[in-house]
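Comments concern the structure below.
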Amino acid sequence: MKILVLNGSPRPNGNTNGMIKAFRKGAASVGHQVDVIDVCRMKINGCLACEYCHTKGRGECVQKDGMQQIYALLSESEMLVIASPIYYHGITGQLKCVLDRFYSAAYPSRPPKLKKAAMILSSGAPDMYDEAMFSYQGDFLDYLGLEDMGVFTAHGGENGSSQKLAELFGFGASLK
Ligand SMILES: Cc1cc2nc3c(=O)[nH]c(=O)nc-3n(C[C@H](O)[C@H](O)[C@H](O)COP(=O)(O)O)c2cc1C
């Protein structure tokens, strides 16, 4: 299947990207196609709440920026992976802008092929995931109705450990 990973970390060699790479290798090893979008390298504005997408635009966002690439991938992908470091108890601001812009992509219903979701989170301290998990559960599982394929977290010394990377590889390789 086609899998879209939204990477909210600005650090190319950071902990989040390490987990994404291991996941991607595992998924690719069983034939999945994984597109990783580094949202911090793109110019993506926050939602304007203009309601154009929910009225005249019929699902199309009035803003034309890096989201066009993400909208195109969203319309083709069967699975979405939200990956982020924890910044002040939540996902990064850059990734939050992207998720807010789903306002148009989720209208009048979710992207047609999108069925599954997963989350990858990295933090310094343990037990830092409540805010990100609340959004994942409420916005992606409940509101969009996506099937939860798993949430993978790493904090402190777990980051970059061979055990954690093996877990992410195994997750990717387990996907049907
Ligand atoms: C601006 C900022 C805010 C952070 N806030 C938290 C936090 O609230 N809780 C926490 O445990 N770690 C926090 N961290 C640490 C990162 O989550 C942690 O270092 C993570 O592994 C970074 O992932 P990366 O290497 O993919 O960028 C913060 C780091 C930064 C730069």
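Letters for chains follow the order of the structure tokens (A, B, ...), residue numbers begin at 1 for each chain, and ligand numbers begin at 1 in the order shown.
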Nearby residues, ligand 1, 9 Å, only C-alpha atoms and all ligand atoms, as a ChimeraX atom specification: /A:7-19,83-92,121-129,154-156,159
Show me a table, sorted first by chain and then by increasing residue number, of the residues of stretch 69-122 of chain A having an atom at most 12 Å from stretch 20-44 of chain A, each with its shortest atom pair and the distance in Å to one decimal, counting only C-alpha atoms and written as a tab-separated table.
residue	atom	partner	partner_atom	distance
A:Gln69	CA	A:Ile37	CA	9.1
A:Ile70	CA	A:Ile37	CA	7.8
A:Tyr71	CA	A:Ile37	CA	11.5
A:Ala72	CA	A:Asp35	CA	11.6
A:Leu73	CA	A:Asp35	CA	8.1
A:Leu74	CA	A:Asp35	CA	10.3
A:Glu76	CA	A:Asp35	CA	10.8
A:Ser77	CA	A:Asp35	CA	9.1
A:Glu78	CA	A:Gln33	CA	10.3
A:Met79	CA	A:Val34	CA	9.4
A:Leu80	CA	A:Val34	CA	9.8
A:Val81	CA	A:Val36	CA	9.1
A:Ile82	CA	A:Ile20	CA	9.9
A:Ala83	CA	A:Ile20	CA	7.6
A:Ser84	CA	A:Ile20	CA	9.8
A:Pro85	CA	A:Ile20	CA	11.6
A:Thr92	CA	A:Cys40	CA	9.2
A:Gly93	CA	A:Cys40	CA	9.2
A:Gln94	CA	A:Cys40	CA	5.9
A:Leu95	CA	A:Val39	CA	6.4
A:Lys96	CA	A:Val39	CA	9.9
A:Cys97	CA	A:Ile44	CA	7.0
A:Val98	CA	A:Ile44	CA	6.9
A:Leu99	CA	A:Ile44	CA	10.6
A:Asp100	CA	A:Ile44	CA	10.7
A:Arg101	CA	A:Ile44	CA	9.0
A:Ala118	CA	A:Phe23	CA	11.0
A:Met119	CA	A:Ile20	CA	10.3
A:Ile120	CA	A:Ile20	CA	7.8
A:Leu121	CA	A:Ile20	CA	10.0
A:Ser122	CA	A:Ile20	CA	10.8
Please produce a file of those selected residues containing N, CA and C atoms, as a CSV table (one decimal), in the first residue's frame.
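Writing the result to again_35.csv gives the following:
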chain,number,residue,atom,x,y,z
A,69,GLN,N,1.3,19.6,-2.4
A,69,GLN,CA,2.0,18.3,-2.5
A,69,GLN,C,1.4,17.3,-1.5
A,70,ILE,N,1.1,17.8,-0.3
A,70,ILE,CA,0.6,16.9,0.7
A,70,ILE,C,-0.8,16.4,0.4
A,71,TYR,N,-1.6,17.4,-0.1
A,71,TYR,CA,-3.0,17.0,-0.5
A,71,TYR,C,-3.0,16.0,-1.6
A,72,ALA,N,-2.1,16.1,-2.6
A,72,ALA,CA,-2.0,15.1,-3.6
A,72,ALA,C,-1.6,13.7,-3.1
A,73,LEU,N,-0.6,13.7,-2.2
A,73,LEU,CA,-0.2,12.4,-1.6
A,73,LEU,C,-1.4,11.8,-0.7
A,74,LEU,N,-2.1,12.7,0.0
A,74,LEU,CA,-3.2,12.3,0.9
A,74,LEU,C,-4.2,11.6,0.0
A,76,GLU,N,-3.9,9.8,-2.5
A,76,GLU,CA,-3.5,8.5,-3.1
A,76,GLU,C,-3.1,7.5,-2.0
A,77,SER,N,-3.0,8.0,-0.7
A,77,SER,CA,-2.4,7.1,0.3
A,77,SER,C,-3.5,6.4,1.1
A,78,GLU,N,-3.1,5.2,1.5
A,78,GLU,CA,-4.0,4.3,2.3
A,78,GLU,C,-3.7,4.5,3.8
A,79,MET,N,-2.5,4.9,4.1
A,79,MET,CA,-2.1,5.0,5.5
A,79,MET,C,-1.4,6.3,5.7
A,80,LEU,N,-1.7,6.9,6.9
A,80,LEU,CA,-1.0,8.1,7.3
A,80,LEU,C,-0.3,7.9,8.6
A,81,VAL,N,1.0,8.3,8.6
A,81,VAL,CA,1.8,8.2,9.8
A,81,VAL,C,2.2,9.6,10.2
A,82,ILE,N,1.8,10.0,11.4
A,82,ILE,CA,2.1,11.3,12.0
A,82,ILE,C,3.3,11.1,12.9
A,83,ALA,N,4.4,11.8,12.6
A,83,ALA,CA,5.7,11.6,13.3
A,83,ALA,C,6.2,12.9,13.8
A,84,SER,N,6.5,13.0,15.1
A,84,SER,CA,7.0,14.3,15.6
A,84,SER,C,7.7,14.2,16.9
A,85,PRO,N,8.7,15.1,17.1
A,85,PRO,CA,9.2,15.2,18.5
A,85,PRO,C,8.2,15.9,19.3
A,92,THR,N,5.2,19.4,17.0
A,92,THR,CA,5.9,20.7,16.6
A,92,THR,C,4.9,21.6,15.9
A,93,GLY,N,5.1,22.9,16.0
A,93,GLY,CA,4.3,23.9,15.4
A,93,GLY,C,4.1,23.7,13.9
A,94,GLN,N,5.3,23.4,13.3
A,94,GLN,CA,5.2,23.2,11.8
A,94,GLN,C,4.2,22.1,11.4
A,95,LEU,N,4.2,21.0,12.2
A,95,LEU,CA,3.3,19.9,11.9
A,95,LEU,C,1.9,20.2,12.2
A,96,LYS,N,1.7,21.0,13.3
A,96,LYS,CA,0.4,21.4,13.7
A,96,LYS,C,-0.3,22.2,12.6
A,97,CYS,N,0.5,23.1,11.9
A,97,CYS,CA,0.0,23.9,10.8
A,97,CYS,C,-0.6,22.9,9.7
A,98,VAL,N,0.2,21.9,9.4
A,98,VAL,CA,-0.2,20.9,8.4
A,98,VAL,C,-1.5,20.2,8.8
A,99,LEU,N,-1.6,19.8,10.0
A,99,LEU,CA,-2.8,19.0,10.5
A,99,LEU,C,-4.0,20.0,10.5
A,100,ASP,N,-3.8,21.2,10.8
A,100,ASP,CA,-5.0,22.2,10.8
A,100,ASP,C,-5.5,22.3,9.3
A,101,ARG,N,-4.5,22.2,8.4
A,101,ARG,CA,-4.9,22.4,7.0
A,101,ARG,C,-5.6,21.1,6.4
A,118,ALA,N,-1.1,5.8,12.0
A,118,ALA,CA,-0.1,5.4,13.1
A,118,ALA,C,0.6,6.7,13.5
A,119,MET,N,1.2,6.6,14.7
A,119,MET,CA,1.9,7.8,15.2
A,119,MET,C,3.2,7.4,15.8
A,120,ILE,N,4.2,8.2,15.5
A,120,ILE,CA,5.6,8.0,16.0
A,120,ILE,C,6.0,9.3,16.8
A,121,LEU,N,6.4,9.2,18.0
A,121,LEU,CA,6.7,10.3,18.8
A,121,LEU,C,8.0,10.1,19.6
A,122,SER,N,8.8,11.2,19.6
A,122,SER,CA,10.1,11.2,20.4
A,122,SER,C,10.1,12.4,21.4
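Residues of stretch 9-109 of chain A assigned to strand (DSSP E) by DSSP on this structure's backbone: Gln33, Val34, Asp35, Val36, Ile37, Asp38, Met79, Leu80, Val81, Ile82, Ala83, Ser84 and Pro85 of chain A.
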One-decimal distance in Å that lies between atom CA of A:Ala106 and atom CA of A:Gly59: 7.6 Å
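Distances from A:Asn45, A:Ser135, A:Tyr143, A:Ala105 to A:Cys61 were compared using only C-alpha atoms, and the smallest one belongs to A:Ala105.
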Atomic distance atom CA of A:Glu147 - atom CA of A:Lys2, expressed in Å with one decimal: 15.1 Å
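The closest residue to A:Pro111, picked from A:Leu141, A:Cys53, A:Met1, A:Leu146 and counting only C-alpha atoms, is A:Leu146.
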